[in-house]
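Notes follow once the structure below has been shown.
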Amino acid sequence: MRKLLSYLFLSLLFVSQIKAQDNNFDIDSLMNIGLPVIIVNTVNQEFPTCDYVTSPEGSFGQSITNNNKVACQIIIIQEQDTLYNSGEYKKGSSGATIKINGNTSAYWFDNKPYKIKLEKKTDLLLRHDDKYEDKEWRLIRDGYTLNTIIGFKLSELIGMPWTPQYQPCNVVINDDYQGCYLLIESVKRNPDCRLNVDKDNGFIIERDAYWWNEEKYFCTNFFSQNNYYRWTWKHPDEEDFTIEQENYIREYINQAEQSIFDGTYDHYIDVNTFAWWVLAHDILGSHDAGGCNMYVTKYDQTDQTLLQMGNLWDFDSSYGMEKGQFSRIHTSDYDFYYDNLFNNENKLFVKAYKKKWNEIKHTLNDQLYDFISSFKSSELGEKLQKSWDCQSKRWDTDIVSISNRADASIDWFNSHLPLLGQNIELIDDTDTGIKSYHTHQQNNTPIYTIYGQRVHHTKKGIYIQNGKKIIIKK
């Protein structure tokens, strides 16, 4: 008890002394808003920093490098009550480390996104259940839009296997107010509450546009014709995987990619999660096909488990398409597999996509309306609006109000969903009409693989001849 009271006293003393260094921000008023305030006190007042980098020729994007990992103490306070105190940093027992995280958002904005790694597992969302305890957490900048909040609600309505949980908060680092953030669960393995894969034989990987900024990555055939995308590691960590694990998952994905072209993909991918993931982005009108985070999992290395799409994550480009249009990732023929799945001779994927749409279409707009309008007028919404006002003052930027953002989102769905539904009905769920051949080749016209390699002898699969797709069946 004496130790706890000491923590409380020191925490409150620390809070009372907080003064923003450069903008004369009134931190006391921040404490009175009512959202949790995350106070990060680093060793020797060292501030997390980074350098900036742009993609090499043939790739795209901007990112950061040399983002230093800083030892720190994490304190969470709400309305003068200390909810959590990590203690001072002691490797392996207390405290945490913090570093700047992210790509475009870290490159362009002054208030950076951050990754927190605790030395001792805990649930920073304070749900009072041991299963939620983890070391890795994120602070993402999207605390001052509703994109992520609405996106995760849609994830729940669609039924994605895991929807990350979050808490809006205000963040102070070394006496300097950083802004309004979402404290959120990191994308990682946790069989109790995050992505469930086997600890020793499972995989969580990302189709990554920023692969060029990672030390380790691998390529599969579909992405080998350019330098736009590679696969990077989430589990195992890039420093922990073996060459045998890399060879296994690369070969499995190569087989899955070929199966998409020859129509046997349901032996390799989980059709439902692949369909639900892209349907969510179609509903949101996501414009970004390149930077959109795409996590793929495989539970283990047995033939009994399939590739699954992981959780939804990136909602920065929501509402970016013309109303009624599909998302860019839906129609792109090189960013991912979806164009080939929608136009495949095997219609299982299309049927799963349309089945989910038909399950939710009659209630979806009302559910989104109820959620958004309730959030706008809720106590949490009021606290968030006050935090947005602080954010605007801190960084001298104009921020659209919660009320206006909520109304704009409602208007979007009211107009977009009926038109989207009409376009979904037009998706062909019958034979694509791709011509099939049972012979090796009809004439002397060269035949190429879908990756542009000329072949003289064919086996079962899809090839290109005279500029057209042909299927060889044996």
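A note on labels: chains of the structure tokens are A, B, ... as shown, every chain counts residues from 1, and ligands are counted from 1 in their shown order.
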Would you mind listing what lies within 7 Å of A:Val171 as a list of chain:residue names, with only C-alpha atoms counted and same-chain residues fewer than 3 positions away left out? A:Val37, A:Ile38, A:Ile39, A:Tyr177, A:Gln178, A:Gly179, A:Cys180, A:Tyr181
Selection from above, N, CA, C and O atoms, as a PDB file, in the first residue's frame, can you write it?
```
ATOM      1  N   VAL A  37      -4.714   9.865 -20.019  1.00  0.00           N
ATOM      2  CA  VAL A  37      -3.505  10.562 -20.453  1.00  0.00           C
ATOM      3  C   VAL A  37      -2.330   9.615 -20.260  1.00  0.00           C
ATOM      4  O   VAL A  37      -2.105   9.113 -19.151  1.00  0.00           O
ATOM      5  N   ILE A  38      -1.629   9.350 -21.335  1.00  0.00           N
ATOM      6  CA  ILE A  38      -0.456   8.479 -21.274  1.00  0.00           C
ATOM      7  C   ILE A  38       0.776   9.364 -21.162  1.00  0.00           C
ATOM      8  O   ILE A  38       1.070  10.161 -22.059  1.00  0.00           O
ATOM      9  N   ILE A  39       1.476   9.229 -20.041  1.00  0.00           N
ATOM     10  CA  ILE A  39       2.667  10.020 -19.772  1.00  0.00           C
ATOM     11  C   ILE A  39       3.885   9.128 -19.977  1.00  0.00           C
ATOM     12  O   ILE A  39       4.005   8.072 -19.351  1.00  0.00           O
ATOM     13  N   TYR A 177       3.200  17.800 -24.803  1.00  0.00           N
ATOM     14  CA  TYR A 177       1.956  17.204 -25.306  1.00  0.00           C
ATOM     15  C   TYR A 177       2.087  16.882 -26.788  1.00  0.00           C
ATOM     16  O   TYR A 177       2.416  17.748 -27.600  1.00  0.00           O
ATOM     17  N   GLN A 178       1.816  15.617 -27.134  1.00  0.00           N
ATOM     18  CA  GLN A 178       1.965  15.167 -28.512  1.00  0.00           C
ATOM     19  C   GLN A 178       0.657  15.166 -29.292  1.00  0.00           C
ATOM     20  O   GLN A 178       0.655  15.233 -30.512  1.00  0.00           O
ATOM     21  N   GLY A 179      -0.471  15.037 -28.602  1.00  0.00           N
ATOM     22  CA  GLY A 179      -1.739  15.045 -29.306  1.00  0.00           C
ATOM     23  C   GLY A 179      -2.653  13.920 -28.868  1.00  0.00           C
ATOM     24  O   GLY A 179      -2.390  13.204 -27.899  1.00  0.00           O
ATOM     25  N   CYS A 180      -3.734  13.766 -29.624  1.00  0.00           N
ATOM     26  CA  CYS A 180      -4.747  12.747 -29.359  1.00  0.00           C
ATOM     27  C   CYS A 180      -4.436  11.512 -30.193  1.00  0.00           C
ATOM     28  O   CYS A 180      -4.268  11.604 -31.424  1.00  0.00           O
ATOM     29  N   TYR A 181      -4.357  10.368 -29.544  1.00  0.00           N
ATOM     30  CA  TYR A 181      -3.962   9.119 -30.190  1.00  0.00           C
ATOM     31  C   TYR A 181      -4.991   8.032 -29.900  1.00  0.00           C
ATOM     32  O   TYR A 181      -5.871   8.193 -29.046  1.00  0.00           O
TER      33      TYR A 181
END
```
Just asking: which residues within stretch 139-224 of chain A are alpha helix (DSSP H) according to DSSP, as a compact mmCIF listing (two decimals) with N, CA and C atoms, in the first residue's frame?
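Output file out09.txt is given in full below:
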```
# COMPACT_ATOMS: atom_id res chain seq x y z
N ASN A 147 -11.91 7.57 -38.79
CA ASN A 147 -11.71 6.50 -39.77
C ASN A 147 -11.46 5.15 -39.12
N THR A 148 -10.52 5.11 -38.19
CA THR A 148 -10.18 3.83 -37.56
C THR A 148 -11.31 3.34 -36.67
N ILE A 149 -11.94 4.25 -35.95
CA ILE A 149 -13.04 3.86 -35.06
C ILE A 149 -14.18 3.24 -35.87
N ILE A 150 -14.55 3.87 -36.99
CA ILE A 150 -15.61 3.33 -37.84
C ILE A 150 -15.14 2.06 -38.55
N GLY A 151 -13.88 2.04 -38.97
CA GLY A 151 -13.35 0.86 -39.65
C GLY A 151 -13.37 -0.38 -38.78
N PHE A 152 -13.01 -0.22 -37.51
CA PHE A 152 -13.04 -1.37 -36.61
C PHE A 152 -14.46 -1.80 -36.27
N LYS A 153 -15.39 -0.85 -36.24
CA LYS A 153 -16.78 -1.24 -36.05
C LYS A 153 -17.26 -2.08 -37.23
N LEU A 154 -16.89 -1.68 -38.44
CA LEU A 154 -17.25 -2.47 -39.62
C LEU A 154 -16.61 -3.84 -39.56
N SER A 155 -15.38 -3.93 -39.10
CA SER A 155 -14.70 -5.21 -38.94
C SER A 155 -15.52 -6.15 -38.07
N GLU A 156 -16.06 -5.63 -36.97
CA GLU A 156 -16.89 -6.44 -36.08
C GLU A 156 -18.19 -6.85 -36.76
N LEU A 157 -18.81 -5.93 -37.50
CA LEU A 157 -20.08 -6.23 -38.15
C LEU A 157 -19.91 -7.29 -39.24
N ILE A 158 -18.78 -7.26 -39.92
CA ILE A 158 -18.53 -8.25 -40.97
C ILE A 158 -18.16 -9.60 -40.37
```
Which polymer residues have any atom within 7 Å of an atom of A:Asp282, counting only C-alpha atoms, with same-chain residues fewer than 3 positions away left out, as a PDB file with C-alpha atoms, in the first residue's frame?
```pdb
ATOM      1  CA  VAL A 278     -11.884  -6.926 -49.426  1.00  0.00           C
ATOM      2  CA  LEU A 279     -15.631  -6.451 -48.908  1.00  0.00           C
ATOM      3  CA  GLY A 285     -14.254   2.979 -50.425  1.00  0.00           C
ATOM      4  CA  SER A 286     -10.542   2.580 -49.673  1.00  0.00           C
ATOM      5  CA  PHE A 326     -15.100  -0.791 -55.502  1.00  0.00           C
ATOM      6  CA  SER A 327     -11.885  -0.185 -53.586  1.00  0.00           C
TER       7      SER A 327
END
```
Counting only C-alpha atoms, what is within 10 Å of stretch 357-374 of chain A, bar same-chain residues fewer than 5 positions away, as a ChimeraX atom specification? /A:146,149-150,153-154,157-158,275-276,279-280,283,351-352,379-381,402-403,405-407,409-411,413-414,416-418,421,424-425
For atom CA of A:Thr232 and atom CA of A:Tyr248, determine how far apart the two atoms are, in Å to one decimal place.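 Atom CA of A:Tyr248 lies 14.4 Å from atom CA of A:Thr232.
Atom pair atom CA of A:Ser377 / atom CA of A:Asn404: separated by 11.9 Å.
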Residues of stretch 123-190 of chain A that approach stretch 60-73 of chain A to 12 Å or less, counting only C-alpha atoms: could you list each one with the shortest pair of atoms and its distance in Å to one decimal, rows by chain and increasing residue number, as a tab-separated table?
```
residue	atom	partner	partner_atom	distance
A:Val172	CA	A:Gln73	CA	11.8
A:Ile173	CA	A:Cys72	CA	9.7
A:Asn174	CA	A:Cys72	CA	9.7
```
Quick one: distance from atom CA of A:Ile33 to atom CA of A:Glu88 in Å, one decimal? 26.7 Å
Among the residues A:Ile75, A:Ile205, A:Leu341, A:Met309, the one that comes closest to A:Trp162 [using only C-alpha atoms]: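 Answer, going by the shortest atom-to-atom distance: A:Met309.
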Counting only C-alpha atoms, figure out which residue out of A:Lys323, A:Arg141, A:His281, A:Arg207 gets nearest to A:Asn293. A:Arg207
